[in-house]
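Undergrad: Have a look at the structure that comes next, please.
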Amino acid sequence: MPTAQPSVDPSLDLFAAIDRLKRERKAVILAHYYQDADIQDLADHLGDSLELAKRARDARDAEVILFCGVHFMAETAKILNPAKTVVIPDLDAGCSLAEQCPADQLRAWKQRHPDHYVVMYINCSAATKAESDVICTSSNAERVIRAVPEGRPILFGPDKNLGAFLVKKTGRAMDLWPGACMVHETFSAQKIAALKAKHPDAKFIAHPECEEHVLQLADFVGSTSKLLEFVQRDGGRKYIVGTETGILHTMHRQAPDKELIPVPYEDRSAACQGCNQCPYMKLNTLEKIYLALRDLRPRIELPEDLRRRALAPLERMLALG
Ligand code: 13P
Ligand code: SF4
């Protein structure tokens with residue numbers, strides 16, 4: 001059930017009110033590239049999941065971290081910087097990947113493979129992190145896999161598409177958890193191929209959460225921050241962007257002279273209004289940000305022993321640079 005939100009006076013200037021509350025609360029606002037444009041614009045720091053985790057860890061002067069992303073990102077902030085009050089605009093902002101690999105199921109998988117090293121994508125709950133040997137994000141996954149001792153078998157989850165991409169990249173065999181992102185798995189290879197034929201001068205760039213047959217069409221594959229970097233530095237003029245459409249806002253700002261085409265998706269459900277948008281990321285609104293700063297809730301709280309167990313694999317990841 002979605003959390004009921006109290007209403008906000010419609011005449012309130014939300015940007016000014018958020019700015020005032022932010023200063024009163026000594027809050028820092030972190031936002032992911034998949035947030036709505038307004039939210040990206042008011043954030044103190046924008047980033048991918050790795051950059052935002054580091055920002056949260058290093059937020060020394062702030063008393064409050066307001067995390068505009070999804071739940072596992074805010075939870076990671078709390079794990080890394082437990083002295084801060086961590087608030088999130090909407091507690092229902094989950095992630096289909098995180099939901100697909102609960103800790104008890106990972107534990108059972110590990111029991112069936114007791115000699116394996118467990119690498120989990122950061123898109124999972126604190127309880128699932130606590131069962132892992134090391135965490136990775138889409139930015140550093142290759143480096144993390146290459147750091148696993150040679151000859152040690154690997155369990156990788158929860159994203160089978162990122163996992164398959166890493167098997168190809170690193171040549172390491174891995175057992176993959178059968179999870180997928182509900183947004184990236186709707187992208188249609190057929191429609192992308194047609195779009196490429198219509199725009200032969202465009203490069204197709206994609207997030208590694210896309211399915212293998214989609215990634216095969218890509219000129220470049222990378223995390224959200226790597227896609228942004230690529231478009232800025234590359235000599236081309238036109239890009240078909242294979243990830244959540246929120247990123248187009250920052251991409252346009254960073255490379256105003258380039259043409260950006262959002263990726264087409266397969267209508268797998270009649271109810272789908274825009275399958276290239278993450279319904280969880282899009283739960284966050286200016287009203288909810290205002291309320292979260294005003295009331296300092298919903299808060300992320302974690303039992304200390306769980307936090308410590310989830311911290312160890314995150315620190316192992318961060319130590320890799
Ligand atoms: P990034 O690590 O690229 O920020 O990706 C996070 C995510 O949830 C992608 O769907
Ligand atoms: Fe999770 Fe996919 Fe949304 Fe990213 S885009 S937060 S992986 S559901």
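Chain labels A, B, ... are given in the sequence in which chains occur in the structure tokens; within each chain residues are numbered consecutively from 1, and ligands are likewise numbered from 1 in the order shown.
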Arg253 (chain A): which residues within 12 Å, counting only C-alpha atoms, same-chain residues fewer than 6 positions away excluded, as a short mmCIF file (atom, residue, chain, number, x, y, z; two decimals) with N, CA, C and O atoms, in the first residue's frame?
TA:
data_model
loop_
_atom_site.label_atom_id
_atom_site.label_comp_id
_atom_site.auth_asym_id
_atom_site.auth_seq_id
_atom_site.Cartn_x
_atom_site.Cartn_y
_atom_site.Cartn_z
N ALA A 37 13.53 16.38 -13.53
CA ALA A 37 14.43 17.51 -13.76
C ALA A 37 14.46 18.50 -12.58
O ALA A 37 15.53 18.94 -12.15
N GLN A 40 16.58 17.11 -9.84
CA GLN A 40 18.01 17.16 -10.19
C GLN A 40 18.53 18.59 -10.01
O GLN A 40 19.64 18.80 -9.53
N ASP A 41 17.69 19.58 -10.38
CA ASP A 41 18.14 20.97 -10.32
C ASP A 41 18.32 21.48 -8.89
O ASP A 41 19.16 22.34 -8.64
N LEU A 228 27.06 9.49 -19.33
CA LEU A 228 27.15 10.96 -19.39
C LEU A 228 28.53 11.40 -19.87
O LEU A 228 28.64 12.27 -20.74
N VAL A 231 29.00 10.76 -23.71
CA VAL A 231 28.34 11.72 -24.62
C VAL A 231 29.09 13.05 -24.63
O VAL A 231 29.25 13.68 -25.68
N GLN A 232 29.60 13.45 -23.47
CA GLN A 232 30.35 14.72 -23.42
C GLN A 232 31.64 14.66 -24.22
O GLN A 232 32.00 15.59 -24.91
N ILE A 247 17.87 10.68 -17.11
CA ILE A 247 19.26 11.05 -17.39
C ILE A 247 19.36 12.09 -18.51
O ILE A 247 20.33 12.84 -18.59
N GLU A 259 22.19 15.71 -30.10
CA GLU A 259 20.80 15.25 -30.19
C GLU A 259 20.66 13.93 -29.43
O GLU A 259 21.44 13.00 -29.66
N LEU A 260 19.65 13.86 -28.55
CA LEU A 260 19.47 12.67 -27.71
C LEU A 260 18.11 12.05 -27.99
O LEU A 260 17.09 12.74 -27.97
#
Undergrad: Around ligand 2, at most 7 Å away and counting only C-alpha atoms and all ligand atoms, which residues are there? Put them as a list in words, please.
TA: Val70, Gly94, Cys95, Ser96, Leu97, Asn123, Cys181, Met182, Val183, His184, Glu244, Cys278, Pro279, Tyr280 and Met281 of chain A
Undergrad: Store the residues picked out above in a file with all heavy atoms, as an mmCIF file, in the first residue's frame.
TA:
data_model
loop_
_atom_site.group_PDB
_atom_site.id
_atom_site.type_symbol
_atom_site.label_atom_id
_atom_site.label_comp_id
_atom_site.auth_asym_id
_atom_site.auth_seq_id
_atom_site.Cartn_x
_atom_site.Cartn_y
_atom_site.Cartn_z
ATOM 1 N N VAL A 70 16.230 5.839 -4.651
ATOM 2 C CA VAL A 70 15.362 4.765 -4.158
ATOM 3 C C VAL A 70 15.887 4.230 -2.829
ATOM 4 O O VAL A 70 16.984 4.593 -2.394
ATOM 5 C CB VAL A 70 15.203 3.639 -5.214
ATOM 6 C CG1 VAL A 70 14.386 4.137 -6.404
ATOM 7 C CG2 VAL A 70 16.535 3.091 -5.661
ATOM 8 N N GLY A 94 11.038 1.719 -4.033
ATOM 9 C CA GLY A 94 11.860 0.506 -3.956
ATOM 10 C C GLY A 94 12.653 0.298 -5.224
ATOM 11 O O GLY A 94 13.037 1.253 -5.902
ATOM 12 N N CYS A 95 12.895 -0.962 -5.566
ATOM 13 C CA CYS A 95 13.643 -1.298 -6.782
ATOM 14 C C CYS A 95 13.318 -2.749 -7.103
ATOM 15 O O CYS A 95 13.395 -3.616 -6.214
ATOM 16 C CB CYS A 95 15.139 -1.117 -6.525
ATOM 17 S SG CYS A 95 16.190 -1.825 -7.822
ATOM 18 N N SER A 96 12.967 -3.021 -8.354
ATOM 19 C CA SER A 96 12.553 -4.382 -8.707
ATOM 20 C C SER A 96 13.696 -5.371 -8.497
ATOM 21 O O SER A 96 13.474 -6.520 -8.112
ATOM 22 C CB SER A 96 12.058 -4.445 -10.155
ATOM 23 O OG SER A 96 13.077 -4.092 -11.052
ATOM 24 N N LEU A 97 14.937 -4.931 -8.701
ATOM 25 C CA LEU A 97 16.073 -5.830 -8.483
ATOM 26 C C LEU A 97 16.207 -6.178 -7.006
ATOM 27 O O LEU A 97 16.400 -7.339 -6.652
ATOM 28 C CB LEU A 97 17.362 -5.155 -8.969
ATOM 29 C CG LEU A 97 17.686 -5.297 -10.444
ATOM 30 C CD1 LEU A 97 18.810 -4.359 -10.827
ATOM 31 C CD2 LEU A 97 18.045 -6.735 -10.777
ATOM 32 N N ASN A 123 22.176 -2.715 -5.847
ATOM 33 C CA ASN A 123 20.704 -2.678 -5.879
ATOM 34 C C ASN A 123 20.133 -3.865 -5.114
ATOM 35 O O ASN A 123 19.561 -4.799 -5.681
ATOM 36 C CB ASN A 123 20.205 -2.737 -7.332
ATOM 37 C CG ASN A 123 20.610 -1.532 -8.153
ATOM 38 O OD1 ASN A 123 21.720 -1.035 -8.021
ATOM 39 N ND2 ASN A 123 19.731 -1.062 -9.009
ATOM 40 N N CYS A 181 16.065 -5.699 -13.997
ATOM 41 C CA CYS A 181 15.419 -4.406 -13.745
ATOM 42 C C CYS A 181 14.167 -4.316 -14.606
ATOM 43 O O CYS A 181 14.227 -4.504 -15.824
ATOM 44 C CB CYS A 181 16.381 -3.273 -14.076
ATOM 45 S SG CYS A 181 15.540 -1.707 -14.325
ATOM 46 N N MET A 182 13.054 -3.964 -13.976
ATOM 47 C CA MET A 182 11.772 -3.901 -14.700
ATOM 48 C C MET A 182 11.767 -2.833 -15.797
ATOM 49 O O MET A 182 10.962 -2.894 -16.718
ATOM 50 C CB MET A 182 10.637 -3.626 -13.715
ATOM 51 C CG MET A 182 10.757 -2.286 -13.033
ATOM 52 S SD MET A 182 9.554 -2.028 -11.721
ATOM 53 C CE MET A 182 8.073 -1.841 -12.662
ATOM 54 N N VAL A 183 12.653 -1.848 -15.698
ATOM 55 C CA VAL A 183 12.709 -0.779 -16.703
ATOM 56 C C VAL A 183 13.592 -1.228 -17.871
ATOM 57 O O VAL A 183 13.150 -1.262 -19.025
ATOM 58 C CB VAL A 183 13.274 0.530 -16.091
ATOM 59 C CG1 VAL A 183 13.327 1.640 -17.135
ATOM 60 C CG2 VAL A 183 12.462 0.944 -14.875
ATOM 61 N N HIS A 184 14.823 -1.592 -17.565
ATOM 62 C CA HIS A 184 15.786 -1.916 -18.637
ATOM 63 C C HIS A 184 15.395 -3.170 -19.406
ATOM 64 O O HIS A 184 15.747 -3.314 -20.568
ATOM 65 C CB HIS A 184 17.197 -2.040 -18.053
ATOM 66 C CG HIS A 184 17.753 -0.720 -17.609
ATOM 67 N ND1 HIS A 184 17.465 -0.168 -16.375
ATOM 68 C CD2 HIS A 184 18.528 0.187 -18.256
ATOM 69 C CE1 HIS A 184 18.066 1.010 -16.271
ATOM 70 N NE2 HIS A 184 18.719 1.251 -17.399
ATOM 71 N N GLU A 244 17.100 4.822 -18.280
ATOM 72 C CA GLU A 244 15.934 5.571 -17.795
ATOM 73 C C GLU A 244 16.011 7.024 -18.284
ATOM 74 O O GLU A 244 17.093 7.636 -18.284
ATOM 75 C CB GLU A 244 15.944 5.513 -16.261
ATOM 76 C CG GLU A 244 14.598 5.510 -15.613
ATOM 77 C CD GLU A 244 14.051 6.876 -15.282
ATOM 78 O OE1 GLU A 244 14.731 7.900 -15.575
ATOM 79 O OE2 GLU A 244 12.956 6.946 -14.739
ATOM 80 N N CYS A 278 11.486 4.827 -14.489
ATOM 81 C CA CYS A 278 11.426 3.960 -13.300
ATOM 82 C C CYS A 278 10.282 4.443 -12.401
ATOM 83 O O CYS A 278 10.323 5.565 -11.893
ATOM 84 C CB CYS A 278 12.749 4.027 -12.549
ATOM 85 S SG CYS A 278 12.675 3.119 -10.991
ATOM 86 N N PRO A 279 9.270 3.601 -12.197
ATOM 87 C CA PRO A 279 8.123 4.047 -11.402
ATOM 88 C C PRO A 279 8.493 4.329 -9.951
ATOM 89 O O PRO A 279 7.816 5.106 -9.267
ATOM 90 C CB PRO A 279 7.134 2.875 -11.495
ATOM 91 C CG PRO A 279 7.961 1.690 -11.884
ATOM 92 C CD PRO A 279 9.132 2.214 -12.653
ATOM 93 N N TYR A 280 9.566 3.715 -9.481
ATOM 94 C CA TYR A 280 10.004 3.955 -8.091
ATOM 95 C C TYR A 280 10.699 5.312 -7.975
ATOM 96 O O TYR A 280 10.399 6.099 -7.087
ATOM 97 C CB TYR A 280 10.952 2.845 -7.642
ATOM 98 C CG TYR A 280 10.305 1.483 -7.603
ATOM 99 C CD1 TYR A 280 10.679 0.486 -8.485
ATOM 100 C CD2 TYR A 280 9.315 1.200 -6.669
ATOM 101 C CE1 TYR A 280 10.089 -0.768 -8.446
ATOM 102 C CE2 TYR A 280 8.719 -0.045 -6.622
ATOM 103 C CZ TYR A 280 9.113 -1.025 -7.514
ATOM 104 O OH TYR A 280 8.522 -2.261 -7.470
ATOM 105 N N MET A 281 11.635 5.561 -8.890
ATOM 106 C CA MET A 281 12.344 6.849 -8.861
ATOM 107 C C MET A 281 11.353 8.000 -8.998
ATOM 108 O O MET A 281 11.513 9.056 -8.391
ATOM 109 C CB MET A 281 13.343 6.910 -10.030
ATOM 110 C CG MET A 281 14.543 6.009 -9.857
ATOM 111 S SD MET A 281 15.795 6.845 -8.876
ATOM 112 C CE MET A 281 17.103 5.608 -8.864
#
Undergrad: What are the closest atom pairs, with distances in Å to one decimal, for all residues of chain A lying within 6 Å of ligand 1? Consider only C-alpha atoms and all ligand atoms, order rows by chain and residue number, and present the result as CSV.
TA:
residue,atom,partner,partner_atom_place_in_ligand_line,distance
A:Asp48,CA,ligand 1,4 (O),3.4
A:Ser49,CA,ligand 1,4 (O),4.0
A:Thr137,CA,ligand 1,2 (O),5.2
A:Ser138,CA,ligand 1,2 (O),4.7
A:Ser139,CA,ligand 1,2 (O),6.0
A:Ser223,CA,ligand 1,3 (O),3.7
A:Thr224,CA,ligand 1,3 (O),3.8
Undergrad: Neighbouring residues of Cys101 (chain A) were defined as those with any atom within 8 Å, considering only C-alpha atoms; residues of the same chain fewer than 6 positions away were excluded. Please report them as a ChimeraX atom specification.
TA: /A:124,128,157-158,177,179
Undergrad: Smallest atom-to-atom distance to Asp44 (chain A): which of A:Glu212, A:Glu229, A:Glu24, A:Asp19, using only C-alpha atoms?
TA: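 Closest to Asp44 (chain A) of all the choices is A:Asp19.
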Undergrad: Do you have the CA of Leu91 (chain A)-CA of Pro298 (chain A) distance handy?
TA: 6.4 Å
Undergrad: What does the structure give for the distance between CA of Ile154 (chain A) and CA of Asp175 (chain A), in Å to one decimal?
TA: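 Separation between CA of Ile154 (chain A) and CA of Asp175 (chain A): 6.3 Å.
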